[in-house]
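Pasted below: protein_25.cif, mmCIF, C-alpha atoms and all ligand atoms.
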```cif
data_query
#
loop_
_atom_site.label_atom_id
_atom_site.label_comp_id
_atom_site.auth_asym_id
_atom_site.auth_seq_id
_atom_site.Cartn_x
_atom_site.Cartn_y
_atom_site.Cartn_z
CA MET A 1247 38.28 -4.41 -264.27
CA ARG A 1248 35.28 -4.78 -262.00
CA ILE A 1249 31.95 -5.32 -263.74
CA VAL A 1250 28.85 -4.75 -261.66
CA VAL A 1251 25.47 -5.64 -263.09
CA ALA A 1252 22.83 -3.92 -260.99
CA ASP A 1253 19.14 -4.82 -260.98
CA ASP A 1254 18.02 -1.87 -263.08
CA ALA A 1255 18.94 1.66 -264.14
CA ASP A 1256 17.87 3.12 -260.77
CA ARG A 1257 20.24 0.75 -258.98
CA VAL A 1258 23.00 1.69 -261.42
CA ALA A 1259 22.49 5.33 -260.42
CA GLN A 1260 22.53 4.44 -256.71
CA GLU A 1261 25.67 2.30 -256.99
CA ALA A 1262 27.38 5.06 -258.97
CA ALA A 1263 26.34 7.67 -256.41
CA GLY A 1264 27.80 5.46 -253.69
CA ILE A 1265 31.15 5.38 -255.49
CA VAL A 1266 31.06 9.16 -255.95
CA GLU A 1267 30.10 9.67 -252.30
CA ARG A 1268 32.98 7.51 -251.08
CA PHE A 1269 35.41 9.38 -253.34
CA VAL A 1270 34.17 12.83 -252.35
CA SER A 1271 34.17 11.97 -248.66
CA ALA A 1272 37.65 10.44 -248.70
CA SER A 1273 39.55 13.27 -250.41
CA GLU A 1274 40.43 16.69 -249.06
CA SER A 1275 40.08 18.43 -252.43
CA PRO A 1276 38.42 15.94 -254.77
CA ALA A 1277 38.82 16.45 -258.52
CA LEU A 1278 35.76 14.77 -260.01
CA GLY A 1279 35.34 14.23 -263.74
CA LEU A 1280 31.71 14.39 -264.92
CA ALA A 1281 30.06 13.13 -268.08
CA THR A 1282 26.69 14.20 -269.45
CA GLY A 1283 23.93 12.43 -271.37
CA GLY A 1284 20.83 10.49 -270.44
CA THR A 1285 22.70 7.87 -268.42
CA MET A 1286 23.98 10.55 -266.05
CA GLU A 1287 20.57 11.97 -265.21
CA GLY A 1288 19.81 9.32 -262.59
CA LEU A 1289 23.24 9.75 -261.02
CA PHE A 1290 22.85 13.52 -260.78
CA ALA A 1291 19.37 13.11 -259.24
CA GLU A 1292 20.70 10.63 -256.68
CA LEU A 1293 23.64 12.89 -255.74
CA VAL A 1294 21.24 15.81 -255.26
CA ARG A 1295 19.01 13.56 -253.13
CA ARG A 1296 21.97 12.54 -250.93
CA HIS A 1297 22.98 16.18 -250.57
CA ARG A 1298 19.48 17.18 -249.45
CA ARG A 1299 18.69 14.20 -247.23
CA ARG A 1300 22.08 13.28 -245.84
CA GLY A 1301 24.10 16.46 -246.20
CA LEU A 1302 26.56 14.95 -248.69
CA SER A 1303 28.74 17.96 -249.38
CA PHE A 1304 30.39 18.96 -252.63
CA GLY A 1305 31.86 22.08 -251.05
CA ALA A 1306 35.44 20.88 -251.47
CA VAL A 1307 34.91 19.40 -254.94
CA ASP A 1308 36.20 20.70 -258.23
CA ALA A 1309 34.19 19.17 -261.08
CA TYR A 1310 35.51 18.92 -264.63
CA LEU A 1311 33.31 18.28 -267.65
CA LEU A 1312 34.43 15.90 -270.37
CA ASP A 1313 33.17 17.72 -273.41
CA GLU A 1314 31.03 20.48 -274.91
CA TYR A 1315 29.14 21.10 -278.13
CA VAL A 1316 30.50 23.72 -280.53
CA GLY A 1317 27.88 26.07 -281.93
CA LEU A 1318 25.51 26.39 -278.97
CA ASP A 1319 25.23 29.53 -276.84
CA ARG A 1320 26.59 29.24 -273.31
CA CYS A 1321 23.04 29.43 -271.96
CA ASP A 1322 21.53 27.00 -274.48
CA PRO A 1323 19.74 24.34 -272.41
CA ASN A 1324 21.62 21.63 -274.31
CA ALA A 1325 25.09 23.08 -273.72
CA TYR A 1326 26.70 20.55 -271.41
CA ARG A 1327 27.66 23.14 -268.83
CA SER A 1328 24.00 24.25 -268.70
CA VAL A 1329 22.85 20.64 -268.36
CA VAL A 1330 25.18 19.89 -265.45
CA HIS A 1331 24.34 23.19 -263.79
CA ARG A 1332 20.59 22.55 -264.11
CA LEU A 1333 20.59 18.88 -263.07
CA PHE A 1334 23.31 18.92 -260.43
CA ALA A 1335 25.44 21.95 -259.62
CA CYS A 1336 22.69 24.44 -258.80
CA HIS A 1337 21.10 22.00 -256.32
CA VAL A 1338 24.19 21.25 -254.26
CA ASP A 1339 26.89 23.22 -252.47
CA LEU A 1340 29.48 23.05 -255.24
CA GLY A 1341 31.51 26.24 -254.89
CA ILE A 1342 31.19 29.15 -257.30
CA GLY A 1343 33.85 28.64 -259.95
CA SER A 1344 34.22 24.95 -259.13
CA LEU A 1345 32.45 23.67 -262.23
CA HIS A 1346 35.03 23.61 -265.00
CA GLY A 1347 34.45 23.03 -268.67
CA LEU A 1348 35.41 23.93 -272.19
CA ASP A 1349 34.34 27.35 -273.49
CA ALA A 1350 32.86 26.73 -276.92
CA GLN A 1351 32.48 30.52 -277.40
CA ALA A 1352 36.23 31.13 -277.10
CA PRO A 1353 37.63 33.01 -280.10
CA ASP A 1354 40.34 30.37 -280.64
CA LEU A 1355 38.95 26.89 -279.98
CA GLY A 1356 42.34 25.23 -280.40
CA ALA A 1357 43.85 27.46 -277.73
CA GLU A 1358 40.86 26.81 -275.49
CA CYS A 1359 41.40 23.05 -275.85
CA THR A 1360 45.07 23.45 -274.93
CA ARG A 1361 44.14 25.56 -271.89
CA TYR A 1362 41.63 22.97 -270.71
CA GLU A 1363 43.95 20.01 -271.29
CA ARG A 1364 46.55 21.71 -269.06
CA LYS A 1365 43.94 22.50 -266.43
CA VAL A 1366 42.61 18.94 -266.30
CA ARG A 1367 46.10 17.44 -266.16
CA ALA A 1368 47.10 19.85 -263.39
CA ALA A 1369 43.95 18.93 -261.45
CA SER A 1370 44.76 15.18 -261.56
CA ILE A 1371 41.24 13.79 -261.80
CA GLY A 1372 40.69 11.29 -259.00
CA LEU A 1373 37.45 9.75 -260.25
CA GLN A 1374 36.26 10.09 -263.84
CA ILE A 1375 32.65 9.18 -264.63
CA LEU A 1376 32.08 7.97 -268.19
CA GLY A 1377 29.11 7.04 -270.34
CA ILE A 1378 29.47 5.11 -273.58
CA GLY A 1379 28.00 5.86 -276.99
CA SER A 1380 26.16 3.17 -278.95
CA ASN A 1381 29.14 3.29 -281.33
CA GLY A 1382 31.62 2.77 -278.48
CA HIS A 1383 32.66 6.40 -278.02
CA ILE A 1384 33.74 7.79 -274.66
CA ALA A 1385 33.33 11.52 -274.14
CA PHE A 1386 33.14 12.59 -277.82
CA ASN A 1387 36.04 10.41 -278.94
CA GLU A 1388 34.47 8.74 -281.93
CA PRO A 1389 35.62 5.47 -283.55
CA GLY A 1390 39.03 5.95 -285.13
CA THR A 1391 40.30 8.24 -282.35
CA PRO A 1392 43.93 7.45 -281.45
CA PHE A 1393 44.48 6.45 -277.83
CA ASP A 1394 47.13 9.17 -277.42
CA SER A 1395 44.58 11.89 -278.25
CA VAL A 1396 44.22 14.94 -275.99
CA THR A 1397 41.60 17.70 -275.72
CA ARG A 1398 40.64 18.99 -279.16
CA VAL A 1399 37.82 19.93 -281.54
CA VAL A 1400 36.15 16.93 -283.18
CA GLU A 1401 33.45 16.16 -285.73
CA LEU A 1402 30.55 14.15 -284.36
CA SER A 1403 29.61 10.98 -286.19
CA ARG A 1404 26.26 10.57 -287.87
CA GLN A 1405 25.39 7.88 -285.30
CA THR A 1406 26.16 10.12 -282.32
CA ARG A 1407 24.19 13.00 -283.80
CA GLY A 1408 21.28 10.64 -284.41
CA ASP A 1409 21.46 9.24 -280.87
CA ASN A 1410 21.56 12.73 -279.33
CA ALA A 1411 18.79 14.20 -281.49
CA ARG A 1412 16.32 13.19 -278.76
CA PHE A 1413 17.63 16.00 -276.54
CA PHE A 1414 17.07 18.71 -279.15
CA PRO A 1415 13.79 20.33 -280.24
CA ALA A 1416 12.51 19.06 -283.59
CA ASP A 1417 13.46 22.27 -285.35
CA HIS A 1418 17.06 22.23 -284.05
CA SER A 1419 19.73 19.93 -285.35
CA VAL A 1420 22.48 18.43 -283.23
CA PRO A 1421 25.74 20.36 -283.60
CA VAL A 1422 28.23 18.89 -286.05
CA ARG A 1423 31.27 19.65 -283.93
CA ALA A 1424 32.27 19.39 -280.29
CA MET A 1425 35.28 19.86 -278.02
CA THR A 1426 36.31 16.85 -276.01
CA GLN A 1427 38.96 15.56 -273.66
CA GLY A 1428 41.04 12.96 -275.47
CA ILE A 1429 41.47 9.32 -274.60
CA ALA A 1430 44.91 9.96 -273.11
CA THR A 1431 43.39 12.73 -270.98
CA ILE A 1432 40.71 10.37 -269.70
CA LEU A 1433 43.12 7.51 -269.02
CA ALA A 1434 45.23 9.84 -266.85
CA ALA A 1435 42.48 9.85 -264.18
CA SER A 1436 43.22 7.67 -261.16
CA GLU A 1437 39.93 5.80 -261.35
CA LEU A 1438 37.31 5.33 -264.06
CA LEU A 1439 33.63 4.58 -263.54
CA LEU A 1440 31.83 3.70 -266.77
CA MET A 1441 28.04 3.52 -266.65
CA ALA A 1442 25.78 2.02 -269.30
CA CYS A 1443 22.06 1.29 -269.35
CA GLY A 1444 19.77 -0.15 -271.98
CA ALA A 1445 19.97 -2.73 -274.74
CA GLY A 1446 21.18 -0.08 -277.17
CA LYS A 1447 24.53 -0.13 -275.33
CA ALA A 1448 24.93 -3.92 -275.18
CA SER A 1449 27.01 -4.31 -278.32
CA ALA A 1450 29.28 -1.34 -277.51
CA VAL A 1451 29.80 -2.62 -273.95
CA ALA A 1452 30.66 -6.14 -275.12
CA ARG A 1453 33.12 -4.84 -277.71
CA ALA A 1454 34.66 -2.43 -275.20
CA VAL A 1455 35.17 -5.09 -272.54
CA GLU A 1456 35.72 -8.35 -274.39
CA GLY A 1457 36.81 -7.23 -277.83
CA PRO A 1458 40.29 -6.35 -278.98
CA ILE A 1459 41.75 -3.09 -277.74
CA ASN A 1460 41.73 -0.84 -280.77
CA ASP A 1461 40.64 2.57 -281.93
CA SER A 1462 37.55 1.30 -283.76
CA VAL A 1463 36.02 0.99 -280.27
CA PRO A 1464 37.32 3.98 -278.27
CA ALA A 1465 35.90 2.60 -275.02
CA SER A 1466 38.13 -0.47 -275.36
CA ALA A 1467 40.88 1.88 -274.12
CA VAL A 1468 39.52 1.41 -270.60
CA GLN A 1469 41.02 -2.10 -270.70
CA LEU A 1470 44.41 -0.33 -270.49
CA HIS A 1471 43.52 1.30 -267.16
CA SER A 1472 44.24 -0.45 -263.88
CA ASN A 1473 41.30 0.90 -261.85
CA VAL A 1474 38.03 0.64 -263.74
CA THR A 1475 34.50 -0.14 -262.63
CA LEU A 1476 31.77 -0.84 -265.17
CA LEU A 1477 28.26 -0.37 -263.84
CA LEU A 1478 25.61 -1.88 -266.07
CA ASP A 1479 21.93 -2.68 -266.02
CA PRO A 1480 20.97 -6.16 -267.28
CA PRO A 1481 20.06 -5.05 -270.84
CA ALA A 1482 23.42 -3.29 -271.26
CA ALA A 1483 25.21 -6.39 -269.96
CA GLN A 1484 23.40 -8.84 -272.20
CA GLY A 1485 26.20 -9.03 -274.78
CA LEU A 1486 28.82 -10.04 -272.20
CA SER A 1487 29.82 -13.67 -272.05
CA ALA A 1488 29.70 -14.30 -268.31
CA SER A 1489 31.32 -17.70 -268.85
CA SER A 1490 34.46 -16.29 -270.40
CA PRO A 1491 35.03 -12.74 -269.17
CA VAL A 1492 38.43 -11.23 -269.87
CA GLY A 1493 40.91 -11.92 -267.07
CA GLY A 1494 40.25 -10.26 -263.75
CA ASN A 1495 36.64 -9.34 -264.41
CA GLN A 1496 34.21 -9.76 -261.64
CA ILE A 1497 30.56 -10.11 -262.59
CA LEU A 1498 28.12 -9.48 -259.77
CA ALA A 1499 24.43 -10.07 -260.23
C1 LIG A 1501 28.92 13.18 -272.87
C2 LIG A 1501 29.66 11.91 -272.93
C3 LIG A 1501 29.16 10.88 -273.89
C4 LIG A 1501 27.94 10.17 -273.31
C5 LIG A 1501 27.48 9.06 -274.25
C6 LIG A 1501 26.25 8.33 -273.73
O1 LIG A 1501 29.51 14.02 -271.91
O2 LIG A 1501 30.61 11.73 -272.26
O3 LIG A 1501 30.18 9.96 -274.16
O4 LIG A 1501 28.27 9.62 -272.07
O5 LIG A 1501 27.18 9.60 -275.50
O6 LIG A 1501 25.18 9.20 -273.72
P1 LIG A 1501 23.75 8.74 -273.15
O7 LIG A 1501 23.92 8.51 -271.71
O8 LIG A 1501 22.85 9.89 -273.47
O9 LIG A 1501 23.40 7.50 -273.90
#
```
As structure tokens, please, write out the structure in this file.
Ligand code: F6R
Amino acid sequence: MRIVVADDADRVAQEAAGIVERFVSASESPALGLATGGTMEGLFAELVRRHRRRGLSFGAVDAYLLDEYVGLDRCDPNAYRSVVHRLFACHVDLGIGSLHGLDAQAPDLGAECTRYERKVRAASIGLQILGIGSNGHIAFNEPGTPFDSVTRVVELSRQTRGDNARFFPADHSVPVRAMTQGIATILAASELLLMACGAGKASAVARAVEGPINDSVPASAVQLHSNVTLLLDPPAAQGLSASSPVGGNQILA
């Protein structure tokens, strides 16, 4: 596992964009896995900037979303497909039909999860971007999720709903359910890039990286993957013990 501690959240976004740019430029038909959430906003802005200023093209990319709320309209501004469209896809040359996600309006959500799991596996994600919840979740795999889990409908924890309430208007509550790729689905990607910023992530990051690998910290599953980069700002890295990182870690200041 490579651990990169960048100077601040802006640098985290730039480093992440550099990794995405290298991946997109090196593959003929890149399958890129995207996360959503506040941490991703800087990355999306930087990718849009590189597209506008340097002509970074997403024309050959197929992008796959990790998860989606259940109970929001397709066009709700907080539906994850809407978020990614608004912050990224509509500003770049991603092809029509090249942004893939879960349809939370499907009549049979279980069947929709099965369809999407097959689609993601068939795509073979080359680079999967991840955020991390303050409770250690990745995508919407909450604590207690088995590592062999696949795409399915889940209940969101009280902590996740509380954390995400900031995105919703005061008179709207955060959905109780979501659809998410499973941990096994995520681990099948060739490369993982996990980004975390802010002191609120420090404990989750430390437990994910240095703690035991178990389902009480879903993000600890990334320790099982052979090609992982963690990109952190200093507050998110503050719980890591630089003197005794788990074997193979590289801490760059
Ligand atoms: C959402 C997702 C989540 C977020 C995580 C962190 O697609 O994958 O796991 O990455 O909840 O969210 P922020 O960045 O808002 O703290």
Point out the residue among A:Ser1472, A:Ser1395, A:Asn1387, A:Ser1275 with the least atom-to-atom distance to ligand LIG 1501 (chain A), counting all atoms listed in the file.
->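 Checking each of A:Ser1472, A:Ser1395, A:Asn1387, A:Ser1275 against ligand LIG 1501 (chain A), counting all atoms listed in the file, the winner is A:Asn1387.
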Interatomic distance between atom CA of A:Asp1313 and atom CA of A:Leu1440?
-> 15.6 Å
Looking at only C-alpha atoms, which of A:Tyr1362, A:Phe1269, A:Tyr1310, A:Tyr1315 is the one that sits closest to A:Ser1344?
->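 Ranking A:Tyr1362, A:Phe1269, A:Tyr1310, A:Tyr1315 by distance to A:Ser1344, first place goes to A:Tyr1310.
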Work out how far apart atom CA of A:His1383 and atom CA of A:Leu1340 are and give it in Å to one decimal.
->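 The value is 28.4 Å.
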Using only C-alpha atoms and all ligand atoms, find each residue with an atom at most 10 Å away from ligand LIG 1501 (chain A) and format the answer as a CSV table (one decimal) with C-alpha atoms, keeping the file's coordinate frame.
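And here is the file that came out, out34.csv:
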```csv
chain,number,residue,atom,x,y,z
A,1280,LEU,CA,31.7,14.4,-264.9
A,1281,ALA,CA,30.1,13.1,-268.1
A,1282,THR,CA,26.7,14.2,-269.4
A,1283,GLY,CA,23.9,12.4,-271.4
A,1284,GLY,CA,20.8,10.5,-270.4
A,1285,THR,CA,22.7,7.9,-268.4
A,1286,MET,CA,24.0,10.6,-266.0
A,1287,GLU,CA,20.6,12.0,-265.2
A,1311,LEU,CA,33.3,18.3,-267.6
A,1312,LEU,CA,34.4,15.9,-270.4
A,1313,ASP,CA,33.2,17.7,-273.4
A,1314,GLU,CA,31.0,20.5,-274.9
A,1315,TYR,CA,29.1,21.1,-278.1
A,1326,TYR,CA,26.7,20.6,-271.4
A,1327,ARG,CA,27.7,23.1,-268.8
A,1330,VAL,CA,25.2,19.9,-265.4
A,1375,ILE,CA,32.6,9.2,-264.6
A,1376,LEU,CA,32.1,8.0,-268.2
A,1377,GLY,CA,29.1,7.0,-270.3
A,1378,ILE,CA,29.5,5.1,-273.6
A,1379,GLY,CA,28.0,5.9,-277.0
A,1380,SER,CA,26.2,3.2,-279.0
A,1381,ASN,CA,29.1,3.3,-281.3
A,1382,GLY,CA,31.6,2.8,-278.5
A,1383,HIS,CA,32.7,6.4,-278.0
A,1384,ILE,CA,33.7,7.8,-274.7
A,1385,ALA,CA,33.3,11.5,-274.1
A,1386,PHE,CA,33.1,12.6,-277.8
A,1387,ASN,CA,36.0,10.4,-278.9
A,1388,GLU,CA,34.5,8.7,-281.9
A,1406,THR,CA,26.2,10.1,-282.3
A,1407,ARG,CA,24.2,13.0,-283.8
A,1409,ASP,CA,21.5,9.2,-280.9
A,1410,ASN,CA,21.6,12.7,-279.3
A,1411,ALA,CA,18.8,14.2,-281.5
A,1412,ARG,CA,16.3,13.2,-278.8
A,1413,PHE,CA,17.6,16.0,-276.5
A,1426,THR,CA,36.3,16.8,-276.0
A,1427,GLN,CA,39.0,15.6,-273.7
A,1440,LEU,CA,31.8,3.7,-266.8
A,1441,MET,CA,28.0,3.5,-266.6
A,1442,ALA,CA,25.8,2.0,-269.3
A,1443,CYS,CA,22.1,1.3,-269.4
A,1444,GLY,CA,19.8,-0.2,-272.0
A,1446,GLY,CA,21.2,-0.1,-277.2
A,1447,LYS,CA,24.5,-0.1,-275.3
A,1465,ALA,CA,35.9,2.6,-275.0
```
Could you complete stretch 1299-1327 of chain A so that it carries N, CA and C atoms, and give it back as a JSON list (two decimals), in the coordinates of the input?
```json
[["chain", "number", "residue", "atom", "x", "y", "z"],
["A", 1299, "ARG", "N", 19.15, 15.04, -248.35],
["A", 1299, "ARG", "CA", 18.69, 14.20, -247.23],
["A", 1299, "ARG", "C", 19.79, 13.89, -246.24],
["A", 1300, "ARG", "N", 21.03, 13.76, -246.74],
["A", 1300, "ARG", "CA", 22.08, 13.28, -245.84],
["A", 1300, "ARG", "C", 23.21, 14.29, -245.68],
["A", 1301, "GLY", "N", 23.07, 15.44, -246.34],
["A", 1301, "GLY", "CA", 24.10, 16.46, -246.20],
["A", 1301, "GLY", "C", 25.40, 16.13, -246.92],
["A", 1302, "LEU", "N", 25.34, 15.21, -247.92],
["A", 1302, "LEU", "CA", 26.56, 14.95, -248.69],
["A", 1302, "LEU", "C", 27.03, 16.27, -249.30],
["A", 1303, "SER", "N", 28.25, 16.65, -248.96],
["A", 1303, "SER", "CA", 28.74, 17.96, -249.38],
["A", 1303, "SER", "C", 29.68, 17.88, -250.57],
["A", 1304, "PHE", "N", 29.50, 18.82, -251.48],
["A", 1304, "PHE", "CA", 30.39, 18.96, -252.63],
["A", 1304, "PHE", "C", 31.20, 20.25, -252.50],
["A", 1305, "GLY", "N", 31.22, 20.80, -251.28],
["A", 1305, "GLY", "CA", 31.86, 22.08, -251.05],
["A", 1305, "GLY", "C", 33.35, 22.10, -251.35],
["A", 1306, "ALA", "N", 34.00, 20.93, -251.22],
["A", 1306, "ALA", "CA", 35.44, 20.88, -251.47],
["A", 1306, "ALA", "C", 35.78, 20.36, -252.87],
["A", 1307, "VAL", "N", 34.70, 20.07, -253.64],
["A", 1307, "VAL", "CA", 34.91, 19.40, -254.94],
["A", 1307, "VAL", "C", 35.20, 20.41, -256.04],
["A", 1308, "ASP", "N", 36.09, 20.04, -256.94],
["A", 1308, "ASP", "CA", 36.20, 20.70, -258.23],
["A", 1308, "ASP", "C", 35.73, 19.69, -259.26],
["A", 1309, "ALA", "N", 34.76, 20.09, -260.09],
["A", 1309, "ALA", "CA", 34.19, 19.17, -261.08],
["A", 1309, "ALA", "C", 34.60, 19.62, -262.48],
["A", 1310, "TYR", "N", 34.98, 18.66, -263.28],
["A", 1310, "TYR", "CA", 35.51, 18.92, -264.63],
["A", 1310, "TYR", "C", 34.66, 18.18, -265.64],
["A", 1311, "LEU", "N", 34.13, 18.91, -266.62],
["A", 1311, "LEU", "CA", 33.31, 18.28, -267.65],
["A", 1311, "LEU", "C", 34.19, 17.67, -268.74],
["A", 1312, "LEU", "N", 33.66, 16.60, -269.34],
["A", 1312, "LEU", "CA", 34.43, 15.90, -270.37],
["A", 1312, "LEU", "C", 34.43, 16.62, -271.70],
["A", 1313, "ASP", "N", 33.30, 17.25, -272.03],
["A", 1313, "ASP", "CA", 33.17, 17.72, -273.41],
["A", 1313, "ASP", "C", 32.11, 18.80, -273.52],
["A", 1314, "GLU", "N", 32.01, 19.40, -274.69],
["A", 1314, "GLU", "CA", 31.03, 20.48, -274.91],
["A", 1314, "GLU", "C", 30.74, 20.58, -276.40],
["A", 1315, "TYR", "N", 29.49, 20.86, -276.73],
["A", 1315, "TYR", "CA", 29.14, 21.10, -278.13],
["A", 1315, "TYR", "C", 29.75, 22.41, -278.61],
["A", 1316, "VAL", "N", 30.11, 22.46, -279.88],
["A", 1316, "VAL", "CA", 30.50, 23.72, -280.53],
["A", 1316, "VAL", "C", 29.29, 24.21, -281.31],
["A", 1317, "GLY", "N", 28.97, 25.50, -281.14],
["A", 1317, "GLY", "CA", 27.88, 26.07, -281.93],
["A", 1317, "GLY", "C", 26.63, 26.37, -281.12],
["A", 1318, "LEU", "N", 26.64, 26.03, -279.84],
["A", 1318, "LEU", "CA", 25.51, 26.39, -278.97],
["A", 1318, "LEU", "C", 25.92, 27.58, -278.10],
["A", 1319, "ASP", "N", 24.96, 28.46, -277.80],
["A", 1319, "ASP", "CA", 25.23, 29.53, -276.84],
["A", 1319, "ASP", "C", 25.55, 28.94, -275.48],
["A", 1320, "ARG", "N", 26.28, 29.71, -274.68],
["A", 1320, "ARG", "CA", 26.59, 29.24, -273.31],
["A", 1320, "ARG", "C", 25.32, 28.87, -272.54],
["A", 1321, "CYS", "N", 24.26, 29.66, -272.75],
["A", 1321, "CYS", "CA", 23.04, 29.43, -271.96],
["A", 1321, "CYS", "C", 22.06, 28.51, -272.67],
["A", 1322, "ASP", "N", 22.43, 27.97, -273.81],
["A", 1322, "ASP", "CA", 21.53, 27.00, -274.48],
["A", 1322, "ASP", "C", 21.27, 25.84, -273.51],
["A", 1323, "PRO", "N", 20.02, 25.42, -273.37],
["A", 1323, "PRO", "CA", 19.74, 24.34, -272.41],
["A", 1323, "PRO", "C", 20.47, 23.04, -272.72],
["A", 1324, "ASN", "N", 20.91, 22.86, -273.95],
["A", 1324, "ASN", "CA", 21.62, 21.63, -274.31],
["A", 1324, "ASN", "C", 23.15, 21.75, -274.22],
["A", 1325, "ALA", "N", 23.64, 22.97, -273.96],
["A", 1325, "ALA", "CA", 25.09, 23.08, -273.72],
["A", 1325, "ALA", "C", 25.40, 22.27, -272.47],
["A", 1326, "TYR", "N", 26.47, 21.49, -272.50],
["A", 1326, "TYR", "CA", 26.70, 20.55, -271.41],
["A", 1326, "TYR", "C", 26.91, 21.24, -270.06],
["A", 1327, "ARG", "N", 27.52, 22.42, -270.10],
["A", 1327, "ARG", "CA", 27.66, 23.14, -268.83],
["A", 1327, "ARG", "C", 26.29, 23.51, -268.26]]
```
